[in-house]
Structures are given as structure tokens and as C-alpha cells.
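To start, the structure under review is shown below, and the notes come after it.
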Amino acid sequence: MITWRNFDDRAQMVDALEEDTSEALSRAIRRNGRAAWAVSGGSTPKPLFEAMAQVALPWEDVQVALVDERWVDTNHPRSNEAFMRGALQTGLAAEAHFVGMKSKHDNPWEAAADVNKRYSSLAQPFASVLLGMGSDGHTASFFPDAEGLEAALDMRKDALCVALTAKKSEVTGDEVDRMSLSASAIAASPHIALMITGEEKKTVLERALEKDTHLPVARLAEVADITVYWAP
């Protein structure tokens with residue numbers, strides 16, 4: 001299910017997301033003593049990360065992990081882990097525990113068992129999950145027609161992380177091998193935020209929900225309660 005929250009500008013959207021994410025993390029810490037926050041890469045969430053890094057949370061009780069990762073080393077310019085650490089592992093948030101997905105394995109398929117073991121140490125369910133969306137209707141690393149997509153979206157599977165290989169496109173770039181949270185791991189979170197900006201992506205999402213329901217973002221919305229935070 002999708003709930004829309006539309007804002008006049010991106011600063012308002014970031015303020016609302018900062019407040020809602022902080023409350024979700026605080027609520028989990030009060031209940032369980034710790035909280036895990038799953039985040040996505042890309043340029044859109046950077047202002048949120050910068051804002052969150054200054055929030056006075058008990059960050060030592062927060063685990064920050066990735067929603068998905070390109071299967072590249074952390075010194076690669078398109079590494080989500082490198083982006084996450086550079087944008088968020090600063091200020092007050094530097095006290096958090098940061099967990100990446102990339103391992104020494106040659107591909108994500110070989111790494112799936114080890115990455116699942118690593119993620120099993122995180123507080124579950126995730127207190128908050130931050131998603132993005134591409135112009136092709138993908139979210140997390142759920143790309144249209146990707147190898148592994150059906151398993152990733154299968155709510156009967158209890159794996160936290162799944163390997164996928166996308167079909168190469170302008171959106172994927174050369175990095176088609178991916179690791180991603182599974183749909184079941186995402187759907188278990190009480191706060192799932194889909195952060196998008198611009199009219200193009202709004203149109204893509206609206207069309208996916210109304211007509212192109214085969215697109216991954218629409219399929220995830222069938223099994224997860226997602227709040228869309230949108231600004232022009």
C-alpha cells in the first residue's frame with residue numbers, strides 16, 4: 001500500500017523525513033535497546049543524511065546498513081557503502097555502527113550466505129527503511145526482469161538479503177551484479193520511506209501503481225506499506 005506525502009520543496013521533505021526517521025529509530029531503541037536503519041545510496045538522500053548526522057540520537061545504539069549494493073569494492077566511485085559512510089558517518093551519527101554488504105566473494109551469488117549471516121546480527125525488523133526509485137521503476141536492486149527478482153520478491157522466503165543480476169541498461173550502468181534486502185525484510189519494517197524528487201519519477205510511480213503493475217516498485221507496494229515522500 002502506498003501513502004503519499006507531497007511537499008512544496010525538498011527542504012520541507014527532508015525536514016519531515018528527518019523527524020519521522022528519528023522517531024522510528026527512537027521508538028525502536030526505547031522498545032528494544034537498539035535500532036537498525038537501512039538506507040539507500042544515490043544523490044537524492046544526501047541532504048537527509050547530512051541532516052540526520054546532526055540529530056541528537058543515542059547513535060551508539062543505532063546500526064546503519066545498506067538496502068542494496070553494487071558488487072564493487074568500497075574504493076569504487078559507485079559504491080553505496082562508500083557513499084553512505086561519506087555522507088552519514090560524520091557529526092553525531094559517527095557513533096553509529098555501520099554495516100556494508102560487499103564481501104571478498106567474486107559475485108553476490110557466492111556471497112549470499114555470508115551477507116545474510118552478517119545481517120542477521122542487526123536488530124530486526126529494521127526500525128526504518130529508506131528506499132529510492134529509478135526511472136525504470138526499480139527500487140532497492142529489484143530491477144525489471146533481473147535474474148533473481150522473483151526470489152527477491154517472494155514473501156515466503158525468510159532470507160534478509162538476496163543476490164540479483166540486472167539486465168544492463170542506462171540505469172544500471174556496468175554494475176549489474178547486486179545484493180539487496182529482500183521484499184520480506186523490507187516489508188517487516190514499520191517505517192518504509194520512498195524518497196523521490198521531480199515530476200518524472202512521480203509520473204513513473206503513479207503509472208506503475210495504476211497501469212504498469214509488473215514494475216518492481218508496484219510489486220513491492222503490493223506487499224509493503226510504503227510512505228512516499230515527494231518534492232519537485
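Letters A, B, ... mark the chains of the C-alpha cells in the order given; residue numbers begin at 1 per chain; ligand numbers begin at 1, in order shown.
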
I want to know what sits within 12 Å of Tyr229 (chain A), based on only C-alpha atoms, with residues of the same chain fewer than 2 positions away left out; could you give that as a PyMOL selection string? chain A and resi 2-18+20-21+44-45+48+130-133+191-198+201-202+205+226-227+231-232

Do you know which residues are at most 8 Å from Gly134 (chain A) counting only C-alpha atoms, after dropping those on the same chain fewer than 3 positions away, and could you put them as a count of residues only? 5

Tell me, which residues of region 30-179 of chain A carry DSSP strand (DSSP E or B), written as number ranges by chain? A: 35-39, 62-66, 68-70, 97-99, 128-131, 139, 142, 147, 161-165, 177-179

Under the rule of at most 10 Å, produce a per-residue listing of region 98-213 of chain A near region 71-81 of chain A: chain, number, name, the closest pair of atoms, and the distance in Å, as a tab-separated table, using only C-alpha atoms.
```
residue	atom	partner	partner_atom	distance
A:Phe98	CA	A:Glu81	CA	9.0
A:Val99	CA	A:Glu81	CA	8.3
A:Gly100	CA	A:Glu81	CA	5.8
A:Met101	CA	A:Glu81	CA	7.7
A:Lys102	CA	A:Trp71	CA	6.4
A:Ser103	CA	A:Asp73	CA	8.3
A:Lys104	CA	A:Asp73	CA	8.8
A:His105	CA	A:Trp71	CA	9.3
A:Asp106	CA	A:Trp71	CA	8.4
A:Asn107	CA	A:Trp71	CA	6.7
A:Pro108	CA	A:Trp71	CA	6.6
A:Ala163	CA	A:Trp71	CA	9.7
A:Thr165	CA	A:Trp71	CA	9.9
A:Gly173	CA	A:Arg78	CA	9.8
A:Glu175	CA	A:Trp71	CA	6.9
A:Val176	CA	A:Trp71	CA	8.0
A:Asp177	CA	A:Trp71	CA	5.6
A:Arg178	CA	A:Trp71	CA	5.4
A:Met179	CA	A:Trp71	CA	7.0
```

Keeping only C-alpha atoms, take the residues you just selected and write them out as a PDB file, in the first residue's frame.
```
ATOM      1  CA  PHE A  98      27.873   0.877  10.023  1.00  0.00           C
ATOM      2  CA  VAL A  99      27.380  -2.396   8.165  1.00  0.00           C
ATOM      3  CA  GLY A 100      28.059  -2.899   4.457  1.00  0.00           C
ATOM      4  CA  MET A 101      27.172  -5.718   2.082  1.00  0.00           C
ATOM      5  CA  LYS A 102      30.282  -6.185  -0.056  1.00  0.00           C
ATOM      6  CA  SER A 103      32.443  -9.176   0.784  1.00  0.00           C
ATOM      7  CA  LYS A 104      35.552 -10.782  -0.674  1.00  0.00           C
ATOM      8  CA  HIS A 105      33.488 -13.077  -2.879  1.00  0.00           C
ATOM      9  CA  ASP A 106      33.679 -12.682  -6.644  1.00  0.00           C
ATOM     10  CA  ASN A 107      29.942 -12.226  -7.037  1.00  0.00           C
ATOM     11  CA  PRO A 108      26.868 -11.697  -4.855  1.00  0.00           C
ATOM     12  CA  ALA A 163      21.567 -11.690  -4.929  1.00  0.00           C
ATOM     13  CA  THR A 165      21.850  -9.739 -11.686  1.00  0.00           C
ATOM     14  CA  GLY A 173      25.425   1.091 -15.755  1.00  0.00           C
ATOM     15  CA  GLU A 175      27.453  -2.830 -12.369  1.00  0.00           C
ATOM     16  CA  VAL A 176      24.705  -5.380 -12.948  1.00  0.00           C
ATOM     17  CA  ASP A 177      25.591  -7.761 -10.089  1.00  0.00           C
ATOM     18  CA  ARG A 178      23.813  -6.623  -6.933  1.00  0.00           C
ATOM     19  CA  MET A 179      22.980  -7.569  -3.366  1.00  0.00           C
TER      20      MET A 179
END
```

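Distance check against Leu25 (chain A) using only C-alpha atoms: of A:Ala113, A:Ala96, A:Ala56, A:Ala127, the minimum falls on A:Ala127.
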
Could you please write out, as a VMD selection string, every residue of chain A that DSSP assigns to helix (DSSP H, G or I)? chain A and resid 10 to 32 46 to 52 59 to 61 80 to 88 91 to 95 108 to 119 149 to 153 183 to 187 199 to 210 216 to 223

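Contact shell of Trp59 (chain A) at 12 Å (only C-alpha atoms; same-chain neighbours under 4 positions omitted): Ser22, Leu25, Ser26, Ile29, Gly33, Arg34, Ala35, Ala36, Trp37, Met52, Ala53, Gln54, Val55, Gln63, Val64, Leu88, Gln89, Thr90, Gly91, Leu92, Ala93, Ala94, Glu95, Ala96, His97 and Phe98 of chain A.
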
For the residues in the current selection, export C-alpha atoms as a short mmCIF file (atom, residue, chain, number, x, y, z; two decimals), in the first residue's frame.
```
data_model
loop_
_atom_site.label_atom_id
_atom_site.label_comp_id
_atom_site.auth_asym_id
_atom_site.auth_seq_id
_atom_site.Cartn_x
_atom_site.Cartn_y
_atom_site.Cartn_z
CA SER A 22 14.37 9.91 14.10
CA LEU A 25 14.69 4.89 15.47
CA SER A 26 13.95 6.33 18.91
CA ILE A 29 15.54 1.94 20.91
CA GLY A 33 17.51 -1.10 23.32
CA ARG A 34 18.79 -0.78 19.75
CA ALA A 35 17.58 0.05 16.25
CA ALA A 36 18.66 -0.71 12.69
CA TRP A 37 18.23 1.75 9.83
CA MET A 52 20.39 13.10 10.33
CA ALA A 53 24.11 13.27 11.16
CA GLN A 54 23.35 16.27 13.38
CA VAL A 55 20.35 14.78 15.21
CA GLN A 63 23.03 0.18 13.33
CA VAL A 64 23.12 1.66 9.82
CA LEU A 88 26.40 9.84 7.13
CA GLN A 89 29.38 8.68 9.18
CA THR A 90 30.01 12.23 10.36
CA GLY A 91 28.93 14.51 13.17
CA LEU A 92 26.87 12.87 15.90
CA ALA A 93 26.00 9.91 13.66
CA ALA A 94 29.65 8.83 13.58
CA GLU A 95 28.90 6.89 16.79
CA ALA A 96 26.56 4.52 14.92
CA HIS A 97 27.58 1.04 13.83
CA PHE A 98 27.87 0.88 10.02
#
```

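Counting only C-alpha atoms, the residue from A:Ala187, A:Thr203, A:Ser43, A:Phe49 that sits nearest to Ala224 (chain A) is A:Ala187.
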
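Nearest-residue note for Ser180 (chain A): choosing from A:Ala221, A:Val67, A:Ala111, A:Ala166, the minimum distance belongs to A:Val67, counting only C-alpha atoms.
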
I need the residue nearest Leu215 (chain A) from this list: A:Asn116, A:Asn32, A:Ser189, A:Ser135. Use only C-alpha atoms for the distance. A:Ser135

For Asp225 (chain A), which of A:Leu122, A:Val62, A:Ala146, A:Met1 is the closest residue, counting only C-alpha atoms? A:Met1

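Atom pair CA of Ser184 (chain A) / CA of Ser120 (chain A): separated by 13.7 Å.
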
Residues near Ala159 (chain A), anyone? I mean within 12 Å using only C-alpha atoms, not counting same-chain ones fewer than 5 positions away, as a PyMOL selection string. chain A and resi 112-120+151-154+179-186

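For the pair CA of Lys211 (chain A) and CA of Phe142 (chain A), the separation is 18.3 Å.
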